[in-house]
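S.K.: Contents of run-v1.pdb (PDB, C-alpha atoms) are given next:
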```
ATOM      1  CA  MET U  13       0.000   0.000   0.000  1.00  0.00           C
ATOM      2  CA  ARG U  14       1.129   3.546  -0.722  1.00  0.00           C
ATOM      3  CA  VAL U  15       0.956   5.951   2.208  1.00  0.00           C
ATOM      4  CA  ALA U  16       1.400   9.726   1.964  1.00  0.00           C
ATOM      5  CA  VAL U  17       2.397  11.213   5.321  1.00  0.00           C
ATOM      6  CA  SER U  18       3.156  14.711   6.554  1.00  0.00           C
ATOM      7  CA  ALA U  19       6.845  15.300   7.252  1.00  0.00           C
ATOM      8  CA  ASN U  20       6.481  15.554  11.042  1.00  0.00           C
ATOM      9  CA  PHE U  21       5.023  12.059  11.408  1.00  0.00           C
ATOM     10  CA  LYS U  22       7.289  10.094   9.075  1.00  0.00           C
ATOM     11  CA  PRO U  23       9.752   8.710  11.690  1.00  0.00           C
ATOM     12  CA  VAL U  24       6.912   7.485  13.913  1.00  0.00           C
ATOM     13  CA  LEU U  25       4.987   6.030  10.980  1.00  0.00           C
ATOM     14  CA  LYS U  26       8.090   4.208   9.754  1.00  0.00           C
ATOM     15  CA  SER U  27       8.428   2.341  13.058  1.00  0.00           C
ATOM     16  CA  ILE U  28       4.711   1.565  13.265  1.00  0.00           C
ATOM     17  CA  SER U  29       4.583   0.386   9.650  1.00  0.00           C
ATOM     18  CA  GLU U  30       7.524  -1.970  10.229  1.00  0.00           C
ATOM     19  CA  ARG U  31       5.665  -3.576  13.120  1.00  0.00           C
ATOM     20  CA  PHE U  32       2.526  -3.813  11.013  1.00  0.00           C
ATOM     21  CA  GLU U  33       4.414  -5.433   8.137  1.00  0.00           C
ATOM     22  CA  LYS U  34       5.795  -8.131  10.435  1.00  0.00           C
ATOM     23  CA  GLN U  35       2.370  -8.862  11.923  1.00  0.00           C
ATOM     24  CA  SER U  36       0.307  -8.705   8.727  1.00  0.00           C
ATOM     25  CA  GLY U  37       2.626  -9.538   5.846  1.00  0.00           C
ATOM     26  CA  HIS U  38       1.521  -6.421   3.962  1.00  0.00           C
ATOM     27  CA  ASN U  39       4.045  -3.990   2.495  1.00  0.00           C
ATOM     28  CA  VAL U  40       3.859  -0.263   3.268  1.00  0.00           C
ATOM     29  CA  SER U  41       5.498   2.270   0.948  1.00  0.00           C
ATOM     30  CA  ILE U  42       5.876   5.744   2.489  1.00  0.00           C
ATOM     31  CA  SER U  43       6.058   9.105   0.690  1.00  0.00           C
ATOM     32  CA  THR U  44       6.517  12.312   2.655  1.00  0.00           C
ATOM     33  CA  ALA U  45       6.205  16.078   2.148  1.00  0.00           C
ATOM     34  CA  SER U  46       4.260  18.939   3.702  1.00  0.00           C
ATOM     35  CA  SER U  47       0.528  18.307   4.063  1.00  0.00           C
ATOM     36  CA  GLY U  48      -0.265  21.007   1.523  1.00  0.00           C
ATOM     37  CA  THR U  49       2.090  19.512  -1.055  1.00  0.00           C
ATOM     38  CA  LEU U  50       0.666  16.022  -0.571  1.00  0.00           C
ATOM     39  CA  TYR U  51      -2.878  17.368  -0.802  1.00  0.00           C
ATOM     40  CA  ASN U  52      -2.058  18.983  -4.144  1.00  0.00           C
ATOM     41  CA  GLN U  53      -0.527  15.728  -5.399  1.00  0.00           C
ATOM     42  CA  ILE U  54      -3.626  13.767  -4.385  1.00  0.00           C
ATOM     43  CA  THR U  55      -6.047  16.196  -6.046  1.00  0.00           C
ATOM     44  CA  ASN U  56      -3.900  15.939  -9.186  1.00  0.00           C
ATOM     45  CA  GLY U  57      -4.262  12.155  -9.249  1.00  0.00           C
ATOM     46  CA  ALA U  58      -1.265  10.834  -7.286  1.00  0.00           C
ATOM     47  CA  PRO U  59      -1.888   7.092  -6.652  1.00  0.00           C
ATOM     48  CA  PHE U  60      -1.863   7.006  -2.861  1.00  0.00           C
ATOM     49  CA  ASP U  61      -3.999   4.648  -0.772  1.00  0.00           C
ATOM     50  CA  LEU U  62      -3.815   6.395   2.610  1.00  0.00           C
ATOM     51  CA  PHE U  63      -3.121  10.037   3.482  1.00  0.00           C
ATOM     52  CA  LEU U  64      -1.931  11.047   6.950  1.00  0.00           C
ATOM     53  CA  SER U  65      -2.153  14.820   7.146  1.00  0.00           C
ATOM     54  CA  ALA U  66      -0.763  17.088   9.857  1.00  0.00           C
ATOM     55  CA  ASP U  67      -4.103  18.862  10.001  1.00  0.00           C
ATOM     56  CA  SER U  68      -7.824  18.244   9.606  1.00  0.00           C
ATOM     57  CA  ALA U  69      -8.461  20.852   6.900  1.00  0.00           C
ATOM     58  CA  ARG U  70      -6.967  18.935   3.969  1.00  0.00           C
ATOM     59  CA  PRO U  71      -8.701  15.617   4.796  1.00  0.00           C
ATOM     60  CA  GLU U  72     -11.963  17.538   5.164  1.00  0.00           C
ATOM     61  CA  GLN U  73     -11.439  19.178   1.772  1.00  0.00           C
ATOM     62  CA  LEU U  74     -10.756  15.784   0.193  1.00  0.00           C
ATOM     63  CA  GLU U  75     -13.966  14.493   1.753  1.00  0.00           C
ATOM     64  CA  GLU U  76     -15.909  17.438   0.329  1.00  0.00           C
ATOM     65  CA  LYS U  77     -14.477  16.650  -3.111  1.00  0.00           C
ATOM     66  CA  GLY U  78     -15.661  13.046  -2.806  1.00  0.00           C
ATOM     67  CA  LEU U  79     -12.117  11.671  -3.014  1.00  0.00           C
ATOM     68  CA  ILE U  80     -12.101   9.518   0.130  1.00  0.00           C
ATOM     69  CA  LYS U  81     -13.686   6.316   1.355  1.00  0.00           C
ATOM     70  CA  THR U  82     -16.860   7.180   3.266  1.00  0.00           C
ATOM     71  CA  GLY U  83     -16.307   7.222   7.028  1.00  0.00           C
ATOM     72  CA  SER U  84     -12.519   6.933   6.821  1.00  0.00           C
ATOM     73  CA  ARG U  85     -11.643  10.462   8.005  1.00  0.00           C
ATOM     74  CA  LYS U  86     -10.398  10.106  11.581  1.00  0.00           C
ATOM     75  CA  PRO U  87      -7.804  11.739  13.856  1.00  0.00           C
ATOM     76  CA  TYR U  88      -4.726   9.625  14.548  1.00  0.00           C
ATOM     77  CA  ALA U  89      -2.695  12.066  16.706  1.00  0.00           C
ATOM     78  CA  TYR U  90      -2.551  15.610  18.058  1.00  0.00           C
ATOM     79  CA  GLY U  91       0.668  17.473  17.288  1.00  0.00           C
ATOM     80  CA  ARG U  92       2.671  19.508  19.789  1.00  0.00           C
ATOM     81  CA  LEU U  93       4.654  22.637  18.890  1.00  0.00           C
ATOM     82  CA  VAL U  94       7.778  23.593  20.871  1.00  0.00           C
ATOM     83  CA  LEU U  95      10.503  26.231  20.831  1.00  0.00           C
ATOM     84  CA  TRP U  96      13.898  24.648  20.178  1.00  0.00           C
ATOM     85  CA  ASP U  97      16.815  26.786  21.377  1.00  0.00           C
ATOM     86  CA  THR U  98      20.218  25.364  20.444  1.00  0.00           C
ATOM     87  CA  THR U  99      21.993  28.110  22.424  1.00  0.00           C
ATOM     88  CA  ALA U 100      20.779  26.480  25.653  1.00  0.00           C
ATOM     89  CA  SER U 101      23.334  24.565  27.698  1.00  0.00           C
ATOM     90  CA  GLY U 102      23.802  23.268  31.229  1.00  0.00           C
ATOM     91  CA  ASN U 103      24.251  26.797  32.567  1.00  0.00           C
ATOM     92  CA  LYS U 104      21.853  28.503  30.204  1.00  0.00           C
ATOM     93  CA  PRO U 105      18.193  27.476  30.112  1.00  0.00           C
ATOM     94  CA  PRO U 106      16.319  27.567  26.794  1.00  0.00           C
ATOM     95  CA  LEU U 107      14.634  30.753  25.707  1.00  0.00           C
ATOM     96  CA  THR U 108      11.072  31.029  26.994  1.00  0.00           C
ATOM     97  CA  ILE U 109       8.137  31.964  24.799  1.00  0.00           C
ATOM     98  CA  GLN U 110       7.905  35.380  26.439  1.00  0.00           C
ATOM     99  CA  GLN U 111      11.641  35.984  25.949  1.00  0.00           C
ATOM    100  CA  LEU U 112      11.083  35.354  22.262  1.00  0.00           C
ATOM    101  CA  LYS U 113       9.646  38.872  22.126  1.00  0.00           C
ATOM    102  CA  SER U 114      13.135  40.327  22.533  1.00  0.00           C
ATOM    103  CA  TRP U 115      14.907  37.814  20.267  1.00  0.00           C
ATOM    104  CA  GLN U 116      16.361  39.748  17.327  1.00  0.00           C
ATOM    105  CA  LYS U 117      18.110  36.964  15.434  1.00  0.00           C
ATOM    106  CA  ARG U 118      16.670  34.503  12.940  1.00  0.00           C
ATOM    107  CA  ILE U 119      13.984  31.975  13.815  1.00  0.00           C
ATOM    108  CA  ALA U 120      13.013  28.935  11.752  1.00  0.00           C
ATOM    109  CA  ILE U 121       9.397  27.971  11.131  1.00  0.00           C
ATOM    110  CA  ALA U 122       7.520  25.912   8.554  1.00  0.00           C
ATOM    111  CA  ASN U 123       5.561  27.645   5.810  1.00  0.00           C
ATOM    112  CA  PRO U 124       2.150  28.562   7.320  1.00  0.00           C
ATOM    113  CA  ARG U 125       0.471  28.157   3.929  1.00  0.00           C
ATOM    114  CA  THR U 126       1.475  24.537   3.376  1.00  0.00           C
ATOM    115  CA  ALA U 127       2.423  23.139   6.792  1.00  0.00           C
ATOM    116  CA  PRO U 128       0.012  22.982   9.770  1.00  0.00           C
ATOM    117  CA  TYR U 129       2.914  23.355  12.212  1.00  0.00           C
ATOM    118  CA  GLY U 130       3.836  26.517  10.340  1.00  0.00           C
ATOM    119  CA  ALA U 131       0.294  27.810  10.783  1.00  0.00           C
ATOM    120  CA  ALA U 132       0.558  27.068  14.514  1.00  0.00           C
ATOM    121  CA  ALA U 133       3.909  28.886  14.681  1.00  0.00           C
ATOM    122  CA  LYS U 134       2.347  31.903  13.004  1.00  0.00           C
ATOM    123  CA  GLN U 135      -0.444  31.919  15.598  1.00  0.00           C
ATOM    124  CA  VAL U 136       2.116  31.890  18.417  1.00  0.00           C
ATOM    125  CA  LEU U 137       4.129  34.755  16.911  1.00  0.00           C
ATOM    126  CA  GLU U 138       0.954  36.723  16.227  1.00  0.00           C
ATOM    127  CA  GLY U 139      -0.107  36.193  19.822  1.00  0.00           C
ATOM    128  CA  LEU U 140       3.219  37.574  20.979  1.00  0.00           C
ATOM    129  CA  GLY U 141       2.713  40.567  18.696  1.00  0.00           C
ATOM    130  CA  ILE U 142       5.902  39.968  16.705  1.00  0.00           C
ATOM    131  CA  TRP U 143       4.709  38.248  13.525  1.00  0.00           C
ATOM    132  CA  LYS U 144       4.940  41.298  11.260  1.00  0.00           C
ATOM    133  CA  GLU U 145       7.960  42.951  12.851  1.00  0.00           C
ATOM    134  CA  ARG U 146      10.002  39.715  12.671  1.00  0.00           C
ATOM    135  CA  ARG U 147       9.330  39.234   8.966  1.00  0.00           C
ATOM    136  CA  LYS U 148      12.987  39.638   8.014  1.00  0.00           C
ATOM    137  CA  GLN U 149      14.139  37.312  10.803  1.00  0.00           C
ATOM    138  CA  ARG U 150      11.812  34.432   9.858  1.00  0.00           C
ATOM    139  CA  VAL U 151      13.371  31.563   7.919  1.00  0.00           C
ATOM    140  CA  GLN U 152      10.614  29.433   6.437  1.00  0.00           C
ATOM    141  CA  GLY U 153      10.947  25.803   5.416  1.00  0.00           C
ATOM    142  CA  ASN U 154       8.577  24.142   2.978  1.00  0.00           C
ATOM    143  CA  SER U 155       7.751  21.578   5.671  1.00  0.00           C
ATOM    144  CA  ILE U 156       8.295  21.184   9.408  1.00  0.00           C
ATOM    145  CA  GLN U 157      11.130  18.792   8.543  1.00  0.00           C
ATOM    146  CA  GLN U 158      12.945  21.517   6.636  1.00  0.00           C
ATOM    147  CA  ALA U 159      12.398  23.980   9.495  1.00  0.00           C
ATOM    148  CA  TRP U 160      13.972  21.410  11.830  1.00  0.00           C
ATOM    149  CA  GLN U 161      16.905  20.994   9.423  1.00  0.00           C
ATOM    150  CA  PHE U 162      17.609  24.739   9.470  1.00  0.00           C
ATOM    151  CA  VAL U 163      18.140  24.538  13.238  1.00  0.00           C
ATOM    152  CA  ALA U 164      19.819  21.112  13.341  1.00  0.00           C
ATOM    153  CA  SER U 165      22.391  22.242  10.773  1.00  0.00           C
ATOM    154  CA  GLY U 166      23.323  25.288  12.853  1.00  0.00           C
ATOM    155  CA  ASN U 167      22.221  27.744  10.185  1.00  0.00           C
ATOM    156  CA  VAL U 168      19.540  29.068  12.562  1.00  0.00           C
ATOM    157  CA  GLN U 169      19.839  29.001  16.349  1.00  0.00           C
ATOM    158  CA  ILE U 170      16.184  28.663  17.317  1.00  0.00           C
ATOM    159  CA  GLY U 171      13.017  27.362  15.718  1.00  0.00           C
ATOM    160  CA  LEU U 172       9.382  26.535  16.303  1.00  0.00           C
ATOM    161  CA  VAL U 173       9.311  22.822  15.511  1.00  0.00           C
ATOM    162  CA  ALA U 174       7.391  19.648  16.318  1.00  0.00           C
ATOM    163  CA  LEU U 175       8.147  18.010  19.651  1.00  0.00           C
ATOM    164  CA  SER U 176       8.196  14.673  17.842  1.00  0.00           C
ATOM    165  CA  GLN U 177      11.330  15.751  15.948  1.00  0.00           C
ATOM    166  CA  LEU U 178      13.431  16.075  19.095  1.00  0.00           C
ATOM    167  CA  THR U 179      14.991  13.332  21.186  1.00  0.00           C
ATOM    168  CA  GLY U 180      17.724  12.809  23.770  1.00  0.00           C
ATOM    169  CA  ASP U 181      19.741  15.849  24.781  1.00  0.00           C
ATOM    170  CA  THR U 182      17.859  18.142  22.404  1.00  0.00           C
ATOM    171  CA  LEU U 183      14.847  17.870  24.720  1.00  0.00           C
ATOM    172  CA  LYS U 184      16.890  19.820  27.292  1.00  0.00           C
ATOM    173  CA  GLN U 185      16.871  22.732  24.815  1.00  0.00           C
ATOM    174  CA  VAL U 186      13.081  22.845  24.547  1.00  0.00           C
ATOM    175  CA  SER U 187      10.547  25.352  25.839  1.00  0.00           C
ATOM    176  CA  TYR U 188       7.081  23.837  25.831  1.00  0.00           C
ATOM    177  CA  ILE U 189       4.400  26.050  24.331  1.00  0.00           C
ATOM    178  CA  PRO U 190       1.035  26.145  26.139  1.00  0.00           C
ATOM    179  CA  ASP U 191      -1.680  24.471  24.091  1.00  0.00           C
ATOM    180  CA  ASN U 192      -3.874  27.571  24.259  1.00  0.00           C
ATOM    181  CA  LEU U 193      -1.385  29.629  22.221  1.00  0.00           C
ATOM    182  CA  TYR U 194      -2.329  27.847  19.002  1.00  0.00           C
ATOM    183  CA  GLN U 195      -5.301  26.002  17.611  1.00  0.00           C
ATOM    184  CA  PRO U 196      -5.196  22.220  18.105  1.00  0.00           C
ATOM    185  CA  ILE U 197      -3.025  20.409  15.576  1.00  0.00           C
ATOM    186  CA  ARG U 198      -5.552  17.660  14.930  1.00  0.00           C
ATOM    187  CA  GLN U 199      -3.832  15.275  12.560  1.00  0.00           C
ATOM    188  CA  GLU U 200      -6.311  13.271  10.491  1.00  0.00           C
ATOM    189  CA  MET U 201      -6.047  10.365   8.081  1.00  0.00           C
ATOM    190  CA  VAL U 202      -8.217   9.347   5.135  1.00  0.00           C
ATOM    191  CA  ILE U 203      -8.390   6.331   2.858  1.00  0.00           C
ATOM    192  CA  LEU U 204      -8.445   7.474  -0.754  1.00  0.00           C
ATOM    193  CA  LYS U 205     -11.454   6.440  -2.806  1.00  0.00           C
ATOM    194  CA  LYS U 206      -9.335   5.278  -5.754  1.00  0.00           C
ATOM    195  CA  SER U 207      -7.347   2.843  -3.601  1.00  0.00           C
ATOM    196  CA  GLN U 208      -7.271  -0.728  -4.876  1.00  0.00           C
ATOM    197  CA  GLU U 209      -6.032  -1.945  -1.480  1.00  0.00           C
ATOM    198  CA  LYS U 210      -8.926  -0.823   0.708  1.00  0.00           C
ATOM    199  CA  GLN U 211      -9.027  -3.943   2.885  1.00  0.00           C
ATOM    200  CA  SER U 212      -5.337  -3.951   3.813  1.00  0.00           C
ATOM    201  CA  VAL U 213      -5.330  -0.155   4.097  1.00  0.00           C
ATOM    202  CA  GLN U 214      -8.259  -0.334   6.520  1.00  0.00           C
ATOM    203  CA  GLN U 215      -6.303  -2.872   8.575  1.00  0.00           C
ATOM    204  CA  PHE U 216      -3.373  -0.482   8.730  1.00  0.00           C
ATOM    205  CA  ALA U 217      -5.620   2.470   9.629  1.00  0.00           C
ATOM    206  CA  ASP U 218      -7.151   0.401  12.448  1.00  0.00           C
ATOM    207  CA  TYR U 219      -3.660  -0.569  13.609  1.00  0.00           C
ATOM    208  CA  LEU U 220      -2.687   3.117  13.848  1.00  0.00           C
ATOM    209  CA  LEU U 221      -5.603   3.642  16.234  1.00  0.00           C
ATOM    210  CA  SER U 222      -4.856   0.564  18.337  1.00  0.00           C
ATOM    211  CA  GLY U 223      -3.706   0.892  21.938  1.00  0.00           C
ATOM    212  CA  GLU U 224      -0.243  -0.383  21.008  1.00  0.00           C
ATOM    213  CA  SER U 225       0.289   2.215  18.294  1.00  0.00           C
ATOM    214  CA  GLN U 226      -1.286   5.070  20.238  1.00  0.00           C
ATOM    215  CA  THR U 227       0.973   4.380  23.213  1.00  0.00           C
ATOM    216  CA  TYR U 228       3.973   4.540  20.899  1.00  0.00           C
ATOM    217  CA  ILE U 229       2.671   7.750  19.318  1.00  0.00           C
ATOM    218  CA  ALA U 230       2.175   9.366  22.743  1.00  0.00           C
ATOM    219  CA  HIS U 231       5.755   8.487  23.704  1.00  0.00           C
ATOM    220  CA  HIS U 232       7.104  10.253  20.648  1.00  0.00           C
ATOM    221  CA  GLY U 233       5.888  13.813  21.010  1.00  0.00           C
ATOM    222  CA  TYR U 234       2.138  13.666  20.361  1.00  0.00           C
ATOM    223  CA  HIS U 235      -1.092  13.579  22.298  1.00  0.00           C
ATOM    224  CA  SER U 236      -2.857  10.252  21.777  1.00  0.00           C
ATOM    225  CA  VAL U 237      -6.380  10.277  20.356  1.00  0.00           C
ATOM    226  CA  LEU U 238      -7.238   7.710  23.042  1.00  0.00           C
ATOM    227  CA  ASN U 239      -6.253  10.048  25.885  1.00  0.00           C
ATOM    228  CA  GLU U 240      -9.524  11.327  27.318  1.00  0.00           C
ATOM    229  CA  SER U 241      -7.685  14.070  29.228  1.00  0.00           C
ATOM    230  CA  VAL U 242      -6.884  15.783  25.928  1.00  0.00           C
ATOM    231  CA  VAL U 243      -9.935  17.883  25.171  1.00  0.00           C
ATOM    232  CA  GLU U 244     -10.127  19.645  21.852  1.00  0.00           C
ATOM    233  CA  LYS U 245     -10.261  23.403  22.119  1.00  0.00           C
ATOM    234  CA  LYS U 246     -12.877  25.193  20.050  1.00  0.00           C
ATOM    235  CA  ASP U 247     -11.925  28.345  18.183  1.00  0.00           C
ATOM    236  CA  GLU U 248     -13.326  30.547  20.920  1.00  0.00           C
ATOM    237  CA  GLY U 249     -10.976  28.872  23.408  1.00  0.00           C
ATOM    238  CA  TYR U 250      -7.884  29.822  21.423  1.00  0.00           C
ATOM    239  CA  LYS U 251      -6.214  32.703  23.255  1.00  0.00           C
ATOM    240  CA  PRO U 252      -3.047  34.070  21.621  1.00  0.00           C
TER     241      PRO U 252
END
```
Would you put the structure from the file into structure tokens?
M.R.:
Amino acid sequence: MRVAVSANFKPVLKSISERFEKQSGHNVSISTASSGTLYNQITNGAPFDLFLSADSARPEQLEEKGLIKTGSRKPYAYGRLVLWDTTASGNKPPLTIQQLKSWQKRIAIANPRTAPYGAAAKQVLEGLGIWKERRKQRVQGNSIQQAWQFVASGNVQIGLVALSQLTGDTLKQVSYIPDNLYQPIRQEMVILKKSQEKQSVQQFADYLLSGESQTYIAHHGYHSVLNESVVEKKDEGYKP
């Protein structure tokens, strides 16, 4: 089966798909890009079976266009945005969100037009009142993966990235962003209507929502969709 997945979720999906392949005998081929790019490929006829977006807007739009299997649009994870500060060390704590107001150097984010994590980053910067005035300092990647690469390479010192992209010592350089500073990053999946592998794809979709997979997802920088303590915030609850 051919799976299109947003850049932020690829490492997690790769591990889950390997487990699924061993248990089921099915093969999973993964393609990755920003959600917006993948959406455009799908609407232009790309032969994917399953689409895992980093938002709910694109899956909803595909549903409205009649391009998905009825009833297949479901959330599989909730993304978490963090501030990654590579200047932090043992004696220097990472920059806080409020301190970001006085940061005058470059900051990496994903493109708000194509990447849901970029849209969330824009909401945070707008809430801080520095979106417009930091226009020249913003370094935008086409996807959240590219935004992460800008920081990981040392070209940019700080970035608003996905928690799932960071592990080990890099987690000591993280400032966690309160959930109410950006709209929920509800990541949804859909089975494409043109898929010729609907049965095996449905098995894989069900496996993603299983307790085993959701536990793994929660341990790798996301909120699980099975966690009842995670309550979706409506638009009126979003307070930048």
S.K.: Show which residues sit within 12 Å of U:Arg198, as a PDB file with C-alpha atoms, in the frame of the given file. Count only C-alpha atoms, and ignore same-chain residues fewer than 6 positions away.
M.R.:
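Result written to around-v9.pdb:
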```
ATOM      1  CA  LEU U  64      -1.931  11.047   6.950  1.00  0.00           C
ATOM      2  CA  SER U  65      -2.153  14.820   7.146  1.00  0.00           C
ATOM      3  CA  ALA U  66      -0.763  17.088   9.857  1.00  0.00           C
ATOM      4  CA  ASP U  67      -4.103  18.862  10.001  1.00  0.00           C
ATOM      5  CA  SER U  68      -7.824  18.244   9.606  1.00  0.00           C
ATOM      6  CA  ALA U  69      -8.461  20.852   6.900  1.00  0.00           C
ATOM      7  CA  ARG U  70      -6.967  18.935   3.969  1.00  0.00           C
ATOM      8  CA  PRO U  71      -8.701  15.617   4.796  1.00  0.00           C
ATOM      9  CA  GLU U  72     -11.963  17.538   5.164  1.00  0.00           C
ATOM     10  CA  ARG U  85     -11.643  10.462   8.005  1.00  0.00           C
ATOM     11  CA  LYS U  86     -10.398  10.106  11.581  1.00  0.00           C
ATOM     12  CA  PRO U  87      -7.804  11.739  13.856  1.00  0.00           C
ATOM     13  CA  TYR U  88      -4.726   9.625  14.548  1.00  0.00           C
ATOM     14  CA  ALA U  89      -2.695  12.066  16.706  1.00  0.00           C
ATOM     15  CA  TYR U  90      -2.551  15.610  18.058  1.00  0.00           C
ATOM     16  CA  GLY U  91       0.668  17.473  17.288  1.00  0.00           C
ATOM     17  CA  ARG U  92       2.671  19.508  19.789  1.00  0.00           C
ATOM     18  CA  PRO U 128       0.012  22.982   9.770  1.00  0.00           C
ATOM     19  CA  TYR U 129       2.914  23.355  12.212  1.00  0.00           C
ATOM     20  CA  ALA U 132       0.558  27.068  14.514  1.00  0.00           C
ATOM     21  CA  TYR U 234       2.138  13.666  20.361  1.00  0.00           C
ATOM     22  CA  HIS U 235      -1.092  13.579  22.298  1.00  0.00           C
ATOM     23  CA  SER U 236      -2.857  10.252  21.777  1.00  0.00           C
ATOM     24  CA  VAL U 237      -6.380  10.277  20.356  1.00  0.00           C
ATOM     25  CA  VAL U 242      -6.884  15.783  25.928  1.00  0.00           C
ATOM     26  CA  VAL U 243      -9.935  17.883  25.171  1.00  0.00           C
ATOM     27  CA  GLU U 244     -10.127  19.645  21.852  1.00  0.00           C
ATOM     28  CA  LYS U 245     -10.261  23.403  22.119  1.00  0.00           C
ATOM     29  CA  LYS U 246     -12.877  25.193  20.050  1.00  0.00           C
TER      30      LYS U 246
END
```
S.K.: Have a look at U:Asn56, U:Ser41, U:Thr108, U:Ser47 and name the one nearest to U:Ala131; count all atoms listed in the file.
M.R.: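 Of all the options, U:Ser47 lies closest to U:Ala131.
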S.K.: Pick the closest to U:Asn20 from U:Ala58, U:Lys77, U:Arg147, U:Ala174: which is it, counting only C-alpha atoms?
M.R.: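 Closest residue, counting only C-alpha atoms: U:Ala174.
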S.K.: Translate the PyMOL selection byres ((chain U and resi 179-190) around 12), as applied to the file shown, into an explicit residue set as a PyMOL selection string.
M.R.: chain U and resi 23+91-112+132-133+135-137+139+160+163-164+169-178+191-196+231-233+250-252
S.K.: At what distance in Å, to one decimal, does atom CA of U:Ile42 lie from atom CA of U:Val168?
M.R.: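 Atom-to-atom, atom CA of U:Val168 and atom CA of U:Ile42 are spaced 28.8 Å apart.
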S.K.: Please enumerate the residues selected by the PyMOL selection byres ((chain U and resi 26-40) around 7) when evaluated against the supplied file, formatted as a list in words.
M.R.: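 Checked against the file, the PyMOL selection byres ((chain U and resi 26-40) around 7) matches Met13, Arg14, Val15, Lys22, Pro23, Val24, Leu25, Ser41, Ile42 and Ser225 of chain U.
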S.K.: Any idea what the distance is between atom CA of U:Ser46 and atom CA of U:Ala122?
M.R.: 9.1 Å
S.K.: At a cut-off of 8 Å, using all atoms listed in the file, what residues contact U:Ser155? Leave out same-chain residues fewer than 5 positions from it and give the result as a count of residues only.
M.R.: 8
S.K.: Applied to the shown file, which residues does the PyMOL selection byres ((chain U and resi 148) around 10) return, written as a list in words?
M.R.: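 So the PyMOL selection byres ((chain U and resi 148) around 10), applied here, picks out Gln116, Lys117, Arg118, Ile119, Lys144, Glu145, Arg146, Arg147, Gln149, Arg150 and Val151 of chain U.
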S.K.: For U:Lys206, which residue among U:Asn167, U:Trp143, U:Leu50, U:Thr55 is the nearest when counting only C-alpha atoms?
M.R.: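 The closest residue to U:Lys206 is U:Thr55.
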S.K.: Here is a test: counting only C-alpha atoms, which residue of U:Phe21, U:Asn154, U:Ile121, U:Ile80 is nearest to U:Lys205?
M.R.: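 Nearest candidate to U:Lys205 out of U:Phe21, U:Asn154, U:Ile121, U:Ile80: U:Ile80.
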S.K.: Atom CA of U:Thr44 and atom CA of U:Leu79, how far apart in Å?
M.R.: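 Here the two named atoms are 19.5 Å from each other.
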S.K.: Compile the contact shell of U:Phe63 as a PyMOL selection string: residues with an atom at most 6 Å away, counting only C-alpha atoms, same-chain residues fewer than 4 positions apart removed.
M.R.: chain U and resi 15-17+201-202
S.K.: Restricting the calculation to only C-alpha atoms: of U:Gln152, U:Gln226, U:Ser207, U:Gln215, which residue gets closest to U:Ile54?
M.R.: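 Among the listed residues, U:Ser207 lies closest to U:Ile54.
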